[in-house]
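Listing of final-v3.cif; format and content: mmCIF, C-alpha atoms.
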data_data
loop_
_atom_site.label_atom_id
_atom_site.label_comp_id
_atom_site.auth_asym_id
_atom_site.auth_seq_id
_atom_site.Cartn_x
_atom_site.Cartn_y
_atom_site.Cartn_z
CA MET J 1 -5.78 -0.29 16.88
CA VAL J 2 -3.25 2.48 17.42
CA ASP J 3 -0.70 2.83 14.66
CA SER J 4 2.90 2.53 15.83
CA LEU J 5 4.85 4.23 13.06
CA VAL J 6 6.27 7.21 14.95
CA PHE J 7 9.34 6.82 17.16
CA ASN J 8 11.42 9.19 19.27
CA VAL J 9 15.04 8.39 18.32
CA ALA J 10 16.80 11.04 20.44
CA GLN J 11 18.36 8.43 22.73
CA LEU J 12 19.47 6.28 19.80
CA LEU J 13 21.10 9.32 18.15
CA ARG J 14 23.03 10.00 21.40
CA GLU J 15 24.43 6.47 21.47
CA SER J 16 27.51 5.39 19.56
CA ILE J 17 27.42 4.60 15.86
CA GLY J 18 26.24 1.07 15.36
CA ALA J 19 23.75 1.15 18.25
CA VAL J 20 20.61 -0.83 17.45
CA ARG J 21 16.97 -0.69 18.54
CA HIS J 22 14.38 -3.31 17.65
CA VAL J 23 10.79 -2.16 17.43
CA GLU J 24 7.51 -3.65 16.29
CA VAL J 25 5.63 -1.69 13.64
CA ALA J 26 1.85 -1.93 13.23
CA ALA J 27 -0.55 0.16 11.19
CA ASN J 28 -4.09 -0.04 9.88
CA LEU J 29 -3.61 -0.42 6.12
CA GLN J 30 -6.82 1.52 5.36
CA HIS J 31 -5.58 4.56 7.32
CA LEU J 32 -2.01 4.26 6.08
CA ALA J 33 -2.81 3.93 2.37
CA PRO J 34 -6.41 4.96 1.61
CA GLU J 35 -5.49 4.95 -2.11
CA LEU J 36 -5.20 1.18 -1.82
CA GLU J 37 -8.93 0.62 -2.21
CA GLN J 38 -9.99 -2.36 -0.18
CA ALA J 39 -13.09 -4.36 -0.98
CA GLU J 40 -16.30 -3.06 0.55
CA GLY J 41 -17.11 -4.76 3.84
CA ALA J 42 -13.63 -6.27 4.20
CA SER J 43 -12.15 -6.52 7.68
CA GLU J 44 -9.36 -4.13 8.60
CA ALA J 45 -5.95 -5.26 7.40
CA THR J 46 -2.94 -4.61 9.62
CA LEU J 47 0.53 -4.00 8.25
CA SER J 48 2.97 -5.24 10.87
CA GLY J 49 6.39 -6.69 11.47
CA PRO J 50 9.73 -6.25 13.21
CA VAL J 51 11.96 -3.28 12.34
CA ARG J 52 15.58 -2.67 13.25
CA MET J 53 16.90 0.89 13.67
CA ILE J 54 20.66 1.33 13.42
CA HIS J 55 22.51 4.55 14.28
CA THR J 56 24.84 5.36 11.38
CA ASN J 57 27.25 8.23 10.87
CA THR J 58 24.56 10.10 8.87
CA GLY J 59 21.31 9.15 10.60
CA ILE J 60 19.11 6.16 11.41
CA LEU J 61 19.00 3.19 9.04
CA VAL J 62 15.61 1.47 9.24
CA GLN J 63 15.38 -2.14 8.06
CA GLY J 64 12.46 -4.49 8.32
CA HIS J 65 10.11 -7.01 6.80
CA LEU J 66 6.44 -6.14 7.11
CA TYR J 67 3.40 -8.14 6.10
CA ALA J 68 -0.31 -7.56 5.60
CA GLU J 69 -3.16 -9.41 4.01
CA ALA J 70 -5.41 -6.94 2.25
CA ALA J 71 -8.87 -7.67 0.86
CA LEU J 72 -8.78 -5.89 -2.49
CA ALA J 73 -11.67 -5.74 -4.95
CA CYS J 74 -11.56 -7.98 -8.03
CA ALA J 75 -11.03 -5.81 -11.11
CA ARG J 76 -13.92 -7.49 -12.93
CA CYS J 77 -16.63 -8.44 -10.38
CA LEU J 78 -15.63 -6.35 -7.32
CA ASP J 79 -15.69 -9.37 -4.98
CA PRO J 80 -13.08 -9.24 -2.19
CA VAL J 81 -9.82 -11.06 -2.91
CA ALA J 82 -7.27 -11.81 -0.16
CA VAL J 83 -3.94 -10.42 -1.38
CA PRO J 84 -0.74 -10.85 0.66
CA LEU J 85 1.46 -7.77 0.78
CA ALA J 86 5.12 -8.27 1.69
CA ILE J 87 7.09 -5.08 2.21
CA GLU J 88 10.82 -4.90 2.68
CA VAL J 89 11.92 -1.59 4.19
CA GLU J 90 15.45 -0.24 4.04
CA GLU J 91 15.63 3.53 4.36
CA LEU J 92 18.07 6.01 5.86
CA PHE J 93 16.38 8.74 7.91
CA ILE J 94 18.38 11.95 8.36
CA PRO J 95 18.16 14.24 11.46
CA THR J 96 17.34 17.94 11.04
CA ILE J 97 18.73 18.87 14.48
CA ASP J 98 22.13 17.88 15.85
CA VAL J 99 21.23 15.92 18.99
CA VAL J 100 24.43 16.96 20.80
CA THR J 101 24.55 20.70 20.03
CA GLY J 102 20.85 21.31 19.36
CA LYS J 103 21.72 23.28 16.21
CA PRO J 104 19.69 22.89 13.02
CA VAL J 105 21.19 20.71 10.31
CA THR J 106 20.16 21.01 6.67
CA PRO J 107 19.84 17.47 5.32
CA GLU J 108 21.16 16.79 1.83
CA GLU J 109 18.20 14.46 1.33
CA ASP J 110 15.41 16.22 -0.62
CA ASP J 111 12.67 13.80 0.40
CA ARG J 112 11.16 15.24 3.59
CA ALA J 113 9.58 11.85 4.37
CA LEU J 114 13.10 10.71 5.29
CA TRP J 115 13.79 13.57 7.70
CA ILE J 116 13.85 13.15 11.48
CA ASP J 117 12.08 16.27 12.79
CA GLU J 118 13.34 18.89 15.27
CA HIS J 119 11.92 16.86 18.18
CA HIS J 120 13.91 13.77 17.05
CA ILE J 121 10.75 12.05 15.85
CA LEU J 122 11.17 9.47 13.09
CA ASP J 123 7.86 9.02 11.23
CA MET J 124 7.69 5.98 8.94
CA SER J 125 4.13 6.66 7.71
CA GLU J 126 4.88 8.13 4.29
CA VAL J 127 7.62 5.63 3.49
CA LEU J 128 5.38 2.69 4.38
CA ARG J 129 2.43 4.21 2.49
CA GLN J 130 4.52 4.36 -0.67
CA ASP J 131 5.91 0.85 -0.11
CA ALA J 132 2.39 -0.56 0.43
CA LEU J 133 1.17 0.98 -2.80
CA LEU J 134 4.16 -0.45 -4.67
CA ALA J 135 3.66 -3.90 -3.13
CA ALA J 136 0.00 -4.13 -4.15
CA PRO J 137 -0.76 -5.74 -7.50
CA VAL J 138 -2.15 -3.44 -10.18
CA HIS J 139 -4.79 -5.87 -11.45
CA VAL J 140 -6.43 -8.25 -8.94
CA LEU J 141 -8.71 -11.05 -10.11
CA CYS J 142 -10.76 -13.40 -7.93
CA LYS J 143 -10.09 -16.13 -10.52
CA GLU J 144 -8.55 -16.17 -13.98
CA ASP J 145 -11.86 -16.81 -15.75
CA CYS J 146 -13.86 -14.23 -13.78
CA ARG J 147 -16.81 -13.19 -15.95
CA GLY J 148 -17.25 -9.80 -14.28
CA LEU J 149 -20.40 -7.71 -14.06
CA CYS J 150 -23.10 -7.14 -16.66
CA PRO J 151 -22.52 -3.62 -18.02
CA THR J 152 -26.27 -3.02 -18.24
CA CYS J 153 -27.79 -4.33 -14.98
CA GLY J 154 -24.70 -4.97 -12.81
CA GLN J 155 -25.42 -8.68 -12.22
CA ASN J 156 -22.34 -10.65 -11.13
CA LEU J 157 -22.01 -13.04 -14.09
CA ASN J 158 -20.07 -15.54 -11.95
CA GLN J 159 -23.25 -16.11 -9.92
CA GLY J 160 -25.52 -16.52 -12.93
CA SER J 161 -26.50 -14.94 -16.21
CA CYS J 162 -28.86 -12.01 -16.59
CA ASP J 163 -31.74 -11.29 -18.99
CA CYS J 164 -30.12 -8.27 -20.61
CA THR J 165 -29.58 -8.18 -24.35
CA PRO J 166 -26.33 -6.56 -25.31
CA ASP J 167 -26.56 -3.34 -27.30
CA VAL J 168 -25.15 -3.75 -30.77
CA ASP J 169 -22.79 -1.07 -31.90
CA PRO J 170 -24.47 0.55 -34.94
CA ARG J 171 -21.19 0.39 -36.84
CA TRP J 172 -21.57 -3.42 -36.84
CA GLY J 173 -25.13 -3.22 -38.26
CA PRO J 174 -24.28 -4.21 -41.84
CA LEU J 175 -22.22 -7.16 -40.60
CA VAL J 176 -25.06 -8.31 -38.31
CA GLU J 177 -27.48 -8.16 -41.27
CA LEU J 178 -25.07 -10.17 -43.40
CA LEU J 179 -24.77 -12.78 -40.62
CA LYS J 180 -28.57 -13.06 -40.40
CA GLN J 181 -28.78 -13.61 -44.18
CA THR J 182 -26.27 -16.47 -44.11
CA LYS J 183 -28.29 -18.33 -41.45
#
I'd like the structure from this file rewritten - as structure tokens, please.
Amino acid sequence: MVDSLVFNVAQLLRESIGAVRHVEVAANLQHLAPELEQAEGASEATLSGPVRMIHTNTGILVQGHLYAEAALACARCLDPVAVPLAIEVEELFIPTIDVVTGKPVTPEEDDRALWIDEHHILDMSEVLRQDALLAAPVHVLCKEDCRGLCPTCGQNLNQGSCDCTPDVDPRWGPLVELLKQTK
């Protein structure tokens, strides 16, 4: 799949204020946000949806609703969990070149991810990467009572118990001895 997150907006910038373009955005979530660790062996998730670009008096306003279903790893057992990601985009991208005169313009916006480059290319990659990371839950569980993995052998305790004996913290030794005496 070819990501469609980069758009030439030169023609839109030449049109009157209020001109609108509708585009379809699609991106491989793994390539867009590698920090969003997907479960091992999970199929590729695609972030996609319709986006509207509106020419304003200061730049291009991008609005859209994007959706993806990511397979993230359970925080306890590492099994894949299907997690829906809904992203609402509303950002104002500022040109760095005046499309009429061709002269450089210094944007007041400090965030370079919101700049339209000198070739009138609007790149939504960084904005959508940040939005995807914000949309993802911090702690994903396959089920509320997930038992996780054995810290000694790595057995998935949801699939069955293991034969490991837990190591007793030596600081609890006197308490363990006292418990044995009471039995």
Atom pair CA of Gly49 (chain J) + CA of Val89 (chain J), distance 10.5 Å
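A straight line drawn from CA of Leu114 (chain J) to CA of Glu91 (chain J) is 7.7 Å long.
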Check what the PyMOL selection byres ((chain J and resi 47) around 12) selects in the file above and give those residues as number ranges by chain.
-> J: 1-5, 24-33, 44-46, 48-50, 64-70, 84-88, 125, 128-129, 131-132, 135
Between CA of Leu92 (chain J) and CA of Thr106 (chain J) - distance in Å to one decimal
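That distance, rounded to one decimal, is 15.2 Å.
By all atoms listed in the file, and with residues fewer than 4 positions from His119 (chain J) along its chain excluded, the set lying at most 9 Å from it is Asn8, Ala10 and Ile97 of chain J.
With all atoms listed in the file as the atoms that count, the residue of J:Leu13, J:Leu72, J:Leu78, J:Ile54 with the shortest distance to Val138 (chain J) is J:Leu72.
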Closest atom pairs, region 32-122 of chain J residues within 10 Å of region 153-169 of chain J, only C-alpha atoms, as JSON lines:
{"residue": "J:Arg76", "atom": "CA", "partner": "J:Asn156", "partner_atom": "CA", "distance": 9.2}
{"residue": "J:Cys77", "atom": "CA", "partner": "J:Asn156", "partner_atom": "CA", "distance": 6.2}
{"residue": "J:Leu78", "atom": "CA", "partner": "J:Asn156", "partner_atom": "CA", "distance": 8.8}
{"residue": "J:Asp79", "atom": "CA", "partner": "J:Asn156", "partner_atom": "CA", "distance": 9.1}
Would you save the residues from that selection as an mmCIF file, keeping the file's coordinate frame, using C-alpha atoms?
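See part.cif below for the written result:
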data_model
loop_
_atom_site.group_PDB
_atom_site.id
_atom_site.type_symbol
_atom_site.label_atom_id
_atom_site.label_comp_id
_atom_site.auth_asym_id
_atom_site.auth_seq_id
_atom_site.Cartn_x
_atom_site.Cartn_y
_atom_site.Cartn_z
ATOM 1 C CA ARG J 76 -13.920 -7.490 -12.930
ATOM 2 C CA CYS J 77 -16.630 -8.440 -10.380
ATOM 3 C CA LEU J 78 -15.630 -6.350 -7.320
ATOM 4 C CA ASP J 79 -15.690 -9.370 -4.980
#
Between J:Gln63, J:Ser43, J:Asn57, J:Thr101, smallest distance to Val23 (chain J) by all atoms listed in the file belongs to J:Gln63
Item to complete: Please write as a list in words the full residue list that the PyMOL selection byres ((chain J and resi 53) around 10) yields on this file.
Response: Val9, Leu12, Gly18, Ala19, Val20, Arg21, His22, Val23, Val51, Arg52, Ile54, His55, Thr56, Gly59, Ile60, Leu61, Val62, Gln63, Gly64, Glu90, Glu91, Leu92 and Phe93 of chain J
Axis-aligned box for region 170-178 of chain J, 4 Å per side, centre and edges in Å as AutoDock Vina command-line options:
--center_x -24.3 --center_y -4.8 --center_z -39.2 --size_x 14.3 --size_y 18.7 --size_z 16.5
For the provided coordinates, the residues matched by the PyMOL selection byres ((chain J and resi 118) around 9) should be stated as a PDB file with C-alpha atoms, in the coordinates of the input.
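See expr.pdb below for the written result:
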ATOM      1  CA  PRO J  95      18.160  14.240  11.460  1.00  0.00           C
ATOM      2  CA  THR J  96      17.340  17.940  11.040  1.00  0.00           C
ATOM      3  CA  ILE J  97      18.730  18.870  14.480  1.00  0.00           C
ATOM      4  CA  ASP J  98      22.130  17.880  15.850  1.00  0.00           C
ATOM      5  CA  GLY J 102      20.850  21.310  19.360  1.00  0.00           C
ATOM      6  CA  PRO J 104      19.690  22.890  13.020  1.00  0.00           C
ATOM      7  CA  ILE J 116      13.850  13.150  11.480  1.00  0.00           C
ATOM      8  CA  ASP J 117      12.080  16.270  12.790  1.00  0.00           C
ATOM      9  CA  HIS J 119      11.920  16.860  18.180  1.00  0.00           C
ATOM     10  CA  HIS J 120      13.910  13.770  17.050  1.00  0.00           C
ATOM     11  CA  ILE J 121      10.750  12.050  15.850  1.00  0.00           C
TER      12      ILE J 121
END
So which one's closest to Ala73 (chain J), J:Ile94, J:Ala136, J:Met124, J:Arg112? Using all atoms listed in the file, please.
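Ranked by minimum distance to Ala73 (chain J), first place goes to J:Ala136.
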